[in-house]
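Everything on this sheet refers to the single structure shown next.
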There are 2 protein chains.
Amino acid sequence: MPDTTTAPTIDDVAREAGVSTATVSRVINDPDLVTVKTRERVQAAIETLGYTPNFAARFMAAKRTFTIGAIIPTMENAIFARGLQAFQEELHRRGYTLLVSSSAYKSKVEEEQIRNLVARGADGLLLIGHDRDQAIYDYLDRQHVPVLVAWSYDTNAHAPCIGFDNRAAMQALTEDVIKMGHRRLAMISGVSEQNDRARLRIAGVRDAMAAQGLDPASLDPIEVPYNIADGQAAFVELIARETKPSVVLCGNDVLAAGAIRGAEQLNMKVPDDVSITGFDDIELAQVVRPELTTMHVPHRAMGQMAAQELVGMIEEKRKGVSQNLKASIVRRASVRAL
Amino acid sequence: MPDTTTAPTIDDVAREAGVSTATVSRVINDPDLVTVKTRERVQAAIETLGYTPNFAARFMAAKRTFTIGAIIPTMENAIFARGLQAFQEELHRRGYTLLVSSSAYKSKVEEEQIRNLVARGADGLLLIGHDRDQAIYDYLDRQHVPVLVAWSYDTNAHAPCIGFDNRAAMQALTEDVIKMGHRRLAMISGVSEQNDRARLRIAGVRDAMAAQGLDPASLDPIEVPYNIADGQAAFVELIARETKPSVVLCGNDVLAAGAIRGAEQLNMKVPDDVSITGFDDIELAQVVRPELTTMHVPHRAMGQMAAQELVGMIEEKRKGVSQNLKASIVRRASVRAL
DNA sequence: TGACCAAACGTAACCGCTTACATTTCTTTC
DNA sequence: GAAAGAAATGTAAGCGGTTACGTTTGGTCA
């Protein structure tokens with residue numbers, strides 16, 4: 001009688017089907033190597049025993065897992081959701097499984113997750129943004145785990161990336177706003193430490209100011225975590241400043257949604273009393289009132305291309321090639337011309 | 001010279017430190033068993049080689065992974081985000097790592113993910129809702145993998161659960177609306193196939209109608225995927241019906257946000273021309289205008305308790321005990337009294 | 001019918017750890 | 001200082017697969 005208190009192994013299947021373990025392994029991994037007759041017998045045995053090959057054993061013997069790990073800063077809001085979904089779908093199409101962890105924007109946690117995923121045998125890793133200790137890249141290098149960075153484009157970085165130029169995008173959006181007559185700019189940024197996206201978006205605003213004859217140093221961005229409540233508080237703080245801004249540029253749509261709430265709280269009309277911009281163009285941007293003028297990021301394309309590239313790197317054992325995707329301004333109702 | 005083309009193993013460390021592999025293993029897993037002096041020597045070796053124990057090997061030898069798997073229907077919207085975040089935080093506190101997959105509301109995909117996570121050695125699984133083939137529960141049983149269900153409470157189900165009574169909650173919300181004078185009810189539901197939450201919420205509406213002397217059979221809910229665009233379309237369809245509803249009850253906040261958009265599209269005022277309710281009380285509910293009257297679900301508490309319970313089941317090798325959390329009505333601006 | 005070769009299948013080593021058990025080293029006690 | 005017992009360390013089996021290599025089977029052809 002088979003031991004039902006423990007999961008069936010390949011030995012059990014082999015015994016049940018009256019073949020060797022090698023044959024069982026073959027019908028699982030390369031069925032053509034086996035006669036139709038025995039193949040069917042083995043498959044029947046697998047079926048009746050409810051056998052699932054043990055991943056760890058498999059990985060140890062074969063060194064492949066067909067698993068990709070992704071570590072995103074947060075799942076709490078939808079910033080990465082759509083891109084990740086597309087990433088996952090493309091991976092699935094290519095026979096890979098995606099494992100996701102979130103780091104809560106903490107680099108220590110991210111490092112832990114990276115080691116964890118690597119130790120688990122992830123064939124490749126998707127990371128968000130470039131800002132992290134060199135030591136991590138060294139570690140990944142030593143372990144020969146291909147890494148691809150998304151949501152950021154920077155050819156000087158240590159890893160290949162599929163993303164967009166956060167700085168240039170923010171500059172474009174800001175110049176657009178300035179050209180509509182705005183002179184008193186204020187900004188609510190995400191926390192820029194260990195976050196190149198946040199950092200570069202601030203730089204982008206300053207670039208635009210400089211290019212349009214405004215003093216970049218006069219921008220004094222407030223940095224807060226990416227959530228609505230903090231965005232709201234930051235907005236209120238900004239309005240209380242000596243020179244009241246005519247436009248508040250936000251590091252992303254979530255912050256902008258918070259800013260809109262802040263305006264409501266202060267009985268200010270958007271965009272009549274103050275203009276507000278977002279970044280990302282997630283669903284939220286079209287849910288708030290007024291709808292947000294924002295920077296559209298090609299989330300799905302980015303996710304899909306990232307999957308293709310990462311799988312390519314793994315299977316062809318080659319270096320990744322970076323791609324600069326285009327983000328574009330979406331003009332909606334939250335900004336008005338002065 | 002050590003082979004740098006491949007990751008260092010415990011043997012490399014043992015050699016470097018001049019001890020046996022057993023000793024290395026001990027300093028990693030139970031440092032007290034080893035002299036301070038040798039411990040330091042081993043740790044130094046680990047450091048210089050950049051050694052990370054191989055998970056698979058570890059799992060094979062020890063049968064434990066300190067990993068929990070969670071499979072959620074979607075990451076695209078925030079329905080599960082907050083609860084999952086709390087779940088993850090609590091797990092982290094207890095020394096476990098969370099691996100997340102999403103099934104896109106497809107039961108075949110979910111089954112695949114379950115097998116995958118189990119084969120990967122997940123010590124336990126968190127699943128959403130009860131609706132799935134008995135075969136899956138049997139499989140999990142055979143593999144001795146503890147399972148906990150969240151977001152749903154049902155003691156007749158095959159698995160223990162930490163959740164709330166979707167049916168009773170929806171009934172309460174609906175009765176509240178009826179008591180405000182509404183008689184012509186309509187509903188936009190999520191797809192109810194293989195989704196007990198959606199199914200029970202429909203039932204809840206009917207319960208309320210019956211209890212308040214309305215004809216439950218007259219409710220003809222439209223079932224659509226949980227996203228804004230589909231909610232919007234469903235709303236438009238509903239309004240075009242012979243008897244125009246005075247209130248549209250939505251299966252969740254995402255659908256309700258869509259409904260609000262639909263009303264806007266038709267130039268209808270909410271709640272003056274039509275009332276709308278949501279379910280879940282995710283952040284979105286307070287972002288849309290008017291703010292949604294909805295059913296508040298204790299996401300964070302649910303996630304945290306789920307983590308505690310699941311870890312308890314694993315470590316104490318006991319059956320899980322279900323908990324019925326309380327969801328409560330939040331009255332905001334999207335419903336008016338007639 | 002027998003020789004030859006390809007296809008099918010089996011044997012066993014190996015992947016990198018943990019741990020039961022065996023051995024060595026160190027303390028303690030008289 | 002020797003014996004006994006405890007603490008520290010080492011040895012090697014085993015976890016469940018894959019796969020190189022060896023053996024058997026079966027078909028083809030002279």
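To be explicit about the labels: the chains of the structure tokens are called A, B, and onward in the order shown, and within each one the residues are counted from 1, while ligands get numbers from 1 in the order they are shown.
Residue-level contact on chain C: within 8 Å of chain A, counting only C-alpha atoms (C1' of nucleotides), the set is C:DA8, C:DC9, C:DG10, C:DC14, C:DC15, C:DG16.
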Taking only residues of chain B that have an atom at most 9 Å from an atom of chain A, what is each one's shortest atom pair and its distance in Å to one decimal, using only C-alpha atoms, in chain and number order, as a tab-separated table?
```
residue	atom	partner	partner_atom	distance
B:Thr4	CA	A:Arg142	CA	7.3
B:Thr5	CA	A:Arg142	CA	7.4
B:Thr6	CA	A:Gln143	CA	6.8
B:Ala7	CA	A:Gln143	CA	5.4
B:Pro8	CA	A:Gln143	CA	8.7
B:Gly50	CA	A:Tyr139	CA	7.3
B:Thr52	CA	A:Ala119	CA	6.9
B:Pro53	CA	A:Ala119	CA	6.8
B:Asn54	CA	A:Ala119	CA	5.2
B:Phe55	CA	A:Ala119	CA	5.1
B:Ala56	CA	A:Ala56	CA	4.3
B:Ala57	CA	A:Met60	CA	6.7
B:Arg58	CA	A:Ala56	CA	8.7
B:Phe59	CA	A:Ala56	CA	6.8
B:Met60	CA	A:Ala56	CA	6.4
B:Thr74	CA	A:Gln85	CA	8.6
B:Met75	CA	A:Ala81	CA	5.8
B:Glu76	CA	A:Ala81	CA	5.0
B:Asn77	CA	A:Ala78	CA	6.4
B:Ala78	CA	A:Asn77	CA	6.4
B:Phe80	CA	A:Glu76	CA	8.7
B:Ala81	CA	A:Glu76	CA	5.0
B:Arg82	CA	A:Glu76	CA	5.8
B:Leu84	CA	A:Met75	CA	8.5
B:Gln85	CA	A:Glu76	CA	7.0
B:Gln88	CA	A:Ser102	CA	8.9
B:Thr97	CA	A:Gln113	CA	8.4
B:Leu98	CA	A:Ser101	CA	7.0
B:Leu99	CA	A:Val100	CA	6.0
B:Val100	CA	A:Val100	CA	5.4
B:Ser101	CA	A:Leu99	CA	6.2
B:Ser102	CA	A:Gln85	CA	8.6
B:Gln113	CA	A:Thr97	CA	8.4
B:Arg115	CA	A:Thr52	CA	7.5
B:Asn116	CA	A:Phe55	CA	8.2
B:Val118	CA	A:Asn54	CA	8.6
B:Ala119	CA	A:Phe55	CA	5.1
B:Arg120	CA	A:Phe55	CA	5.2
B:Gly121	CA	A:Phe55	CA	7.6
B:Tyr139	CA	A:Gly50	CA	7.2
B:Arg142	CA	A:Ala7	CA	6.5
B:Gln143	CA	A:Ala7	CA	5.2
B:His144	CA	A:Thr6	CA	7.6
B:Ile228	CA	A:Glu283	CA	8.5
B:Ala257	CA	A:Val287	CA	7.4
B:Gly258	CA	A:Val287	CA	8.6
B:Arg261	CA	A:Val287	CA	8.0
B:Glu283	CA	A:Ile228	CA	8.5
B:Leu284	CA	A:Leu284	CA	7.9
B:Val287	CA	A:Val288	CA	6.1
B:Val288	CA	A:Val288	CA	5.6
B:Arg289	CA	A:Arg289	CA	7.0
```
Requested write-out: N, CA and C atoms of the selected residues, as a short mmCIF file (atom, residue, chain, number, x, y, z; two decimals), in the first residue's frame:
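Listed below is the output, out-v1.cif:
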```
data_model
loop_
_atom_site.label_atom_id
_atom_site.label_comp_id
_atom_site.auth_asym_id
_atom_site.auth_seq_id
_atom_site.Cartn_x
_atom_site.Cartn_y
_atom_site.Cartn_z
N THR B 4 35.19 31.00 -9.60
CA THR B 4 34.32 32.17 -9.48
C THR B 4 33.20 32.17 -10.52
N THR B 5 33.21 31.18 -11.38
CA THR B 5 32.19 31.17 -12.41
C THR B 5 30.88 30.58 -11.91
N THR B 6 30.91 30.05 -10.69
CA THR B 6 29.72 29.45 -10.16
C THR B 6 29.55 29.84 -8.70
N ALA B 7 28.32 29.87 -8.26
CA ALA B 7 28.04 30.33 -6.89
C ALA B 7 28.73 29.42 -5.87
N PRO B 8 29.24 30.00 -4.80
CA PRO B 8 29.92 29.21 -3.77
C PRO B 8 28.92 28.32 -3.03
N GLY B 50 30.88 35.48 -0.21
CA GLY B 50 29.56 35.95 -0.61
C GLY B 50 28.58 34.79 -0.74
N THR B 52 25.48 32.40 -0.19
CA THR B 52 24.07 32.34 0.21
C THR B 52 23.63 30.89 0.11
N PRO B 53 23.07 30.35 1.15
CA PRO B 53 22.66 28.94 1.08
C PRO B 53 21.63 28.73 -0.03
N ASN B 54 21.77 27.66 -0.71
CA ASN B 54 20.83 27.32 -1.78
C ASN B 54 19.51 26.83 -1.19
N PHE B 55 18.48 27.54 -1.59
CA PHE B 55 17.17 27.29 -1.02
C PHE B 55 16.67 25.88 -1.29
N ALA B 56 16.84 25.49 -2.51
CA ALA B 56 16.31 24.18 -2.93
C ALA B 56 16.95 23.07 -2.11
N ALA B 57 18.25 23.15 -2.01
CA ALA B 57 18.96 22.12 -1.26
C ALA B 57 18.50 22.11 0.19
N ARG B 58 18.35 23.28 0.69
CA ARG B 58 17.92 23.44 2.06
C ARG B 58 16.54 22.82 2.28
N PHE B 59 15.67 23.16 1.37
CA PHE B 59 14.30 22.67 1.44
C PHE B 59 14.28 21.14 1.37
N MET B 60 15.08 20.62 0.46
CA MET B 60 15.09 19.16 0.30
C MET B 60 15.52 18.47 1.57
N THR B 74 -6.51 39.34 -8.66
CA THR B 74 -5.94 40.39 -9.49
C THR B 74 -5.07 41.35 -8.70
N MET B 75 -4.10 41.91 -9.37
CA MET B 75 -3.31 42.97 -8.76
C MET B 75 -3.67 44.30 -9.42
N GLU B 76 -4.51 44.23 -10.44
CA GLU B 76 -4.76 45.43 -11.23
C GLU B 76 -5.49 46.51 -10.47
N ASN B 77 -6.38 46.13 -9.59
CA ASN B 77 -6.97 47.16 -8.75
C ASN B 77 -6.65 46.89 -7.30
N ALA B 78 -7.04 47.81 -6.45
CA ALA B 78 -6.53 47.79 -5.08
C ALA B 78 -7.34 46.95 -4.12
N PHE B 80 -7.40 43.94 -3.16
CA PHE B 80 -6.70 43.05 -2.25
C PHE B 80 -5.40 43.63 -1.71
N ALA B 81 -5.05 44.79 -2.23
CA ALA B 81 -3.73 45.35 -1.94
C ALA B 81 -3.50 45.58 -0.45
N ARG B 82 -4.43 46.26 0.16
CA ARG B 82 -4.19 46.63 1.55
C ARG B 82 -4.16 45.41 2.46
N LEU B 84 -3.43 42.41 1.65
CA LEU B 84 -2.24 41.63 1.35
C LEU B 84 -1.00 42.25 1.98
N GLN B 85 -0.99 43.57 1.95
CA GLN B 85 0.14 44.28 2.54
C GLN B 85 0.23 43.95 4.04
N GLN B 88 1.40 40.45 4.52
CA GLN B 88 2.85 40.35 4.31
C GLN B 88 3.65 40.91 5.47
N THR B 97 8.41 34.56 4.42
CA THR B 97 8.42 35.35 3.21
C THR B 97 7.14 35.06 2.43
N LEU B 98 6.61 36.10 1.83
CA LEU B 98 5.39 35.91 1.05
C LEU B 98 5.69 35.92 -0.44
N LEU B 99 5.12 34.96 -1.12
CA LEU B 99 5.20 34.92 -2.57
C LEU B 99 3.80 35.09 -3.12
N VAL B 100 3.64 36.01 -4.04
CA VAL B 100 2.31 36.31 -4.54
C VAL B 100 2.17 35.96 -6.02
N SER B 101 1.07 35.38 -6.37
CA SER B 101 0.74 35.18 -7.79
C SER B 101 -0.66 35.72 -8.00
N SER B 102 -0.98 36.05 -9.23
CA SER B 102 -2.36 36.45 -9.47
C SER B 102 -2.96 35.60 -10.58
N GLN B 113 -1.20 27.87 -10.40
CA GLN B 113 -0.40 28.62 -9.43
C GLN B 113 -0.31 27.87 -8.10
N ARG B 115 -0.44 24.63 -7.63
CA ARG B 115 0.51 23.52 -7.78
C ARG B 115 1.94 24.04 -7.78
N ASN B 116 2.11 25.12 -8.44
CA ASN B 116 3.41 25.72 -8.53
C ASN B 116 3.95 26.09 -7.15
N VAL B 118 2.99 25.02 -4.27
CA VAL B 118 3.17 23.84 -3.44
C VAL B 118 4.45 23.13 -3.82
N ALA B 119 4.65 22.96 -5.10
CA ALA B 119 5.86 22.28 -5.57
C ALA B 119 7.09 23.06 -5.14
N ARG B 120 6.93 24.34 -4.98
CA ARG B 120 8.02 25.19 -4.52
C ARG B 120 8.23 25.10 -3.04
N GLY B 121 7.37 24.35 -2.37
CA GLY B 121 7.58 24.14 -0.95
C GLY B 121 6.95 25.17 -0.04
N TYR B 139 -6.10 17.68 -3.33
CA TYR B 139 -4.67 17.74 -3.64
C TYR B 139 -3.89 18.37 -2.50
N ARG B 142 -3.66 16.12 0.44
CA ARG B 142 -2.69 15.05 0.24
C ARG B 142 -1.26 15.53 0.44
N GLN B 143 -1.06 16.77 0.03
CA GLN B 143 0.30 17.33 0.14
C GLN B 143 0.54 17.90 1.53
N HIS B 144 -0.48 17.86 2.35
CA HIS B 144 -0.36 18.39 3.71
C HIS B 144 0.03 19.85 3.75
N ILE B 228 -13.42 49.67 -14.12
CA ILE B 228 -14.20 50.90 -14.26
C ILE B 228 -14.96 50.97 -15.58
N ALA B 257 -17.33 53.14 -9.09
CA ALA B 257 -16.63 54.26 -9.71
C ALA B 257 -16.98 54.32 -11.19
N GLY B 258 -17.09 53.16 -11.79
CA GLY B 258 -17.51 53.11 -13.19
C GLY B 258 -18.93 53.62 -13.36
N ARG B 261 -19.10 57.27 -13.36
CA ARG B 261 -18.69 57.77 -14.68
C ARG B 261 -19.82 57.64 -15.68
N GLU B 283 -9.56 52.87 -1.13
CA GLU B 283 -9.23 54.29 -1.21
C GLU B 283 -10.08 55.00 -2.28
N LEU B 284 -10.27 54.31 -3.36
CA LEU B 284 -11.04 54.84 -4.47
C LEU B 284 -12.38 55.43 -4.04
N VAL B 287 -12.14 58.90 -3.32
CA VAL B 287 -11.51 59.71 -4.36
C VAL B 287 -12.55 60.19 -5.36
N VAL B 288 -13.52 59.35 -5.61
CA VAL B 288 -14.54 59.73 -6.59
C VAL B 288 -15.47 60.78 -6.00
N ARG B 289 -16.16 61.47 -6.86
CA ARG B 289 -17.14 62.47 -6.44
C ARG B 289 -18.49 62.14 -7.02
#
```
Could you list, as a ChimeraX atom specification, the residues of chain D having an atom within 12 Å of chain B when counting only C-alpha atoms (C1' of nucleotides)?
/D:7-17
Write out as number ranges by chain each polymer residue whose atoms come within 9 Å of region 151-164 of chain B, counting only C-alpha atoms (C1' of nucleotides); drop sequence neighbours fewer than 2 positions from it.
B: 80, 127-131, 134, 137, 146-149, 166-169, 196-197, 297-299, 302-303, 305-306, 309, 319-327
I need the residues in region 63-99 of chain B that are strand (DSSP E or B) according to DSSP; give them as a ChimeraX atom specification.
/B:67-72,97-99
For the selection you just gave me, I'd like the residues written to a file as an mmCIF file, in the first residue's frame, keeping N, CA and C atoms.
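The resulting file, result01.cif, is reproduced below:
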```cif
data_model
loop_
_atom_site.group_PDB
_atom_site.id
_atom_site.type_symbol
_atom_site.label_atom_id
_atom_site.label_comp_id
_atom_site.auth_asym_id
_atom_site.auth_seq_id
_atom_site.Cartn_x
_atom_site.Cartn_y
_atom_site.Cartn_z
ATOM 1 N N THR B 67 8.128 29.927 3.785
ATOM 2 C CA THR B 67 7.521 30.695 2.707
ATOM 3 C C THR B 67 6.020 30.456 2.710
ATOM 4 N N ILE B 68 5.291 31.514 2.515
ATOM 5 C CA ILE B 68 3.844 31.385 2.376
ATOM 6 C C ILE B 68 3.485 31.863 0.981
ATOM 7 N N GLY B 69 2.591 31.161 0.341
ATOM 8 C CA GLY B 69 2.142 31.588 -0.971
ATOM 9 C C GLY B 69 0.755 32.197 -0.878
ATOM 10 N N ALA B 70 0.516 33.212 -1.676
ATOM 11 C CA ALA B 70 -0.820 33.777 -1.741
ATOM 12 C C ALA B 70 -1.199 33.918 -3.202
ATOM 13 N N ILE B 71 -2.418 33.547 -3.515
ATOM 14 C CA ILE B 71 -2.887 33.711 -4.878
ATOM 15 C C ILE B 71 -4.108 34.596 -4.851
ATOM 16 N N ILE B 72 -3.998 35.745 -5.447
ATOM 17 C CA ILE B 72 -5.122 36.670 -5.461
ATOM 18 C C ILE B 72 -5.649 36.768 -6.887
ATOM 19 N N THR B 97 8.415 34.556 4.424
ATOM 20 C CA THR B 97 8.418 35.348 3.205
ATOM 21 C C THR B 97 7.141 35.055 2.431
ATOM 22 N N LEU B 98 6.612 36.097 1.832
ATOM 23 C CA LEU B 98 5.386 35.911 1.053
ATOM 24 C C LEU B 98 5.693 35.917 -0.437
ATOM 25 N N LEU B 99 5.118 34.956 -1.118
ATOM 26 C CA LEU B 99 5.202 34.923 -2.571
ATOM 27 C C LEU B 99 3.797 35.089 -3.122
#
```
Following least-squares superposition on chain B, chain A shows a C-alpha RMSD, over all atoms in order, of 0.1 Å
Neighbouring residues of DA4 (chain D) were defined as those with any atom within 12 Å, considering only C-alpha atoms (C1' of nucleotides); residues of the same chain fewer than 3 positions away were excluded. Please report them as a ChimeraX atom specification.
/C:27-30
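For the pair CA of Ser334 (chain B) and CA of His182 (chain B), the interatomic distance is 13.2 Å.
Straight-line separation from CA of Gly213 (chain B) to CA of Leu173 (chain B): 15.8 Å.
A straight line drawn from CA of Asp207 (chain A) to CA of Gln171 (chain A) is 6.0 Å long.
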Tell me which protein, DNA and RNA residues are within 12 Å of Ala45 (chain B), counting only C-alpha atoms (C1' of nucleotides), leaving out same-chain ones fewer than 2 positions away, and put them as number ranges by chain.
B: 8-19, 24, 27, 38-43, 47-52
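These are the residues of region 283-312 of chain B assigned alpha helix (DSSP H) by DSSP from backbone coordinates: Leu284, Ala285, Gln286, Val287, His299, Arg300, Ala301, Met302, Gly303, Gln304, Met305, Ala306, Ala307, Gln308, Glu309, Leu310, Val311 and Gly312 of chain B.
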Go ahead and save the picked residues with N, CA and C atoms, as a PDB file, in the first residue's frame.
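The resulting file, result.pdb, is reproduced below:
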```pdb
ATOM      1  N   LEU B 284     -10.265  54.309  -3.360  1.00  0.00           N
ATOM      2  CA  LEU B 284     -11.041  54.839  -4.474  1.00  0.00           C
ATOM      3  C   LEU B 284     -12.383  55.426  -4.044  1.00  0.00           C
ATOM      4  N   ALA B 285     -12.992  54.813  -3.041  1.00  0.00           N
ATOM      5  CA  ALA B 285     -14.322  55.242  -2.598  1.00  0.00           C
ATOM      6  C   ALA B 285     -14.324  56.691  -2.121  1.00  0.00           C
ATOM      7  N   GLN B 286     -13.190  57.161  -1.661  1.00  0.00           N
ATOM      8  CA  GLN B 286     -13.129  58.539  -1.178  1.00  0.00           C
ATOM      9  C   GLN B 286     -12.498  59.471  -2.194  1.00  0.00           C
ATOM     10  N   VAL B 287     -12.139  58.899  -3.322  1.00  0.00           N
ATOM     11  CA  VAL B 287     -11.513  59.712  -4.356  1.00  0.00           C
ATOM     12  C   VAL B 287     -12.547  60.187  -5.360  1.00  0.00           C
ATOM     13  N   HIS B 299      -9.847  45.440   5.892  1.00  0.00           N
ATOM     14  CA  HIS B 299      -8.777  44.810   5.130  1.00  0.00           C
ATOM     15  C   HIS B 299      -7.527  44.473   5.951  1.00  0.00           C
ATOM     16  N   ARG B 300      -7.045  45.482   6.650  1.00  0.00           N
ATOM     17  CA  ARG B 300      -5.784  45.280   7.362  1.00  0.00           C
ATOM     18  C   ARG B 300      -5.918  44.235   8.468  1.00  0.00           C
ATOM     19  N   ALA B 301      -6.996  44.334   9.218  1.00  0.00           N
ATOM     20  CA  ALA B 301      -7.207  43.361  10.284  1.00  0.00           C
ATOM     21  C   ALA B 301      -7.303  41.957   9.698  1.00  0.00           C
ATOM     22  N   MET B 302      -7.995  41.876   8.577  1.00  0.00           N
ATOM     23  CA  MET B 302      -8.171  40.573   7.950  1.00  0.00           C
ATOM     24  C   MET B 302      -6.830  39.990   7.533  1.00  0.00           C
ATOM     25  N   GLY B 303      -6.015  40.812   6.898  1.00  0.00           N
ATOM     26  CA  GLY B 303      -4.708  40.339   6.463  1.00  0.00           C
ATOM     27  C   GLY B 303      -3.840  39.910   7.633  1.00  0.00           C
ATOM     28  N   GLN B 304      -3.845  40.719   8.653  1.00  0.00           N
ATOM     29  CA  GLN B 304      -3.003  40.420   9.799  1.00  0.00           C
ATOM     30  C   GLN B 304      -3.451  39.149  10.512  1.00  0.00           C
ATOM     31  N   MET B 305      -4.751  39.041  10.733  1.00  0.00           N
ATOM     32  CA  MET B 305      -5.251  37.859  11.407  1.00  0.00           C
ATOM     33  C   MET B 305      -5.027  36.609  10.570  1.00  0.00           C
ATOM     34  N   ALA B 306      -5.160  36.772   9.279  1.00  0.00           N
ATOM     35  CA  ALA B 306      -4.929  35.628   8.394  1.00  0.00           C
ATOM     36  C   ALA B 306      -3.496  35.135   8.549  1.00  0.00           C
ATOM     37  N   ALA B 307      -2.577  36.065   8.607  1.00  0.00           N
ATOM     38  CA  ALA B 307      -1.174  35.685   8.759  1.00  0.00           C
ATOM     39  C   ALA B 307      -0.957  34.952  10.078  1.00  0.00           C
ATOM     40  N   GLN B 308      -1.506  35.507  11.139  1.00  0.00           N
ATOM     41  CA  GLN B 308      -1.351  34.876  12.445  1.00  0.00           C
ATOM     42  C   GLN B 308      -1.910  33.458  12.436  1.00  0.00           C
ATOM     43  N   GLU B 309      -3.107  33.342  11.891  1.00  0.00           N
ATOM     44  CA  GLU B 309      -3.765  32.052  11.919  1.00  0.00           C
ATOM     45  C   GLU B 309      -3.009  31.021  11.068  1.00  0.00           C
ATOM     46  N   LEU B 310      -2.600  31.459   9.907  1.00  0.00           N
ATOM     47  CA  LEU B 310      -1.929  30.520   9.005  1.00  0.00           C
ATOM     48  C   LEU B 310      -0.603  30.046   9.596  1.00  0.00           C
ATOM     49  N   VAL B 311       0.137  30.968  10.158  1.00  0.00           N
ATOM     50  CA  VAL B 311       1.399  30.584  10.798  1.00  0.00           C
ATOM     51  C   VAL B 311       1.118  29.640  11.965  1.00  0.00           C
ATOM     52  N   GLY B 312       0.067  29.944  12.701  1.00  0.00           N
ATOM     53  CA  GLY B 312      -0.315  29.064  13.800  1.00  0.00           C
ATOM     54  C   GLY B 312      -0.600  27.652  13.308  1.00  0.00           C
TER      55      GLY B 312
END
```
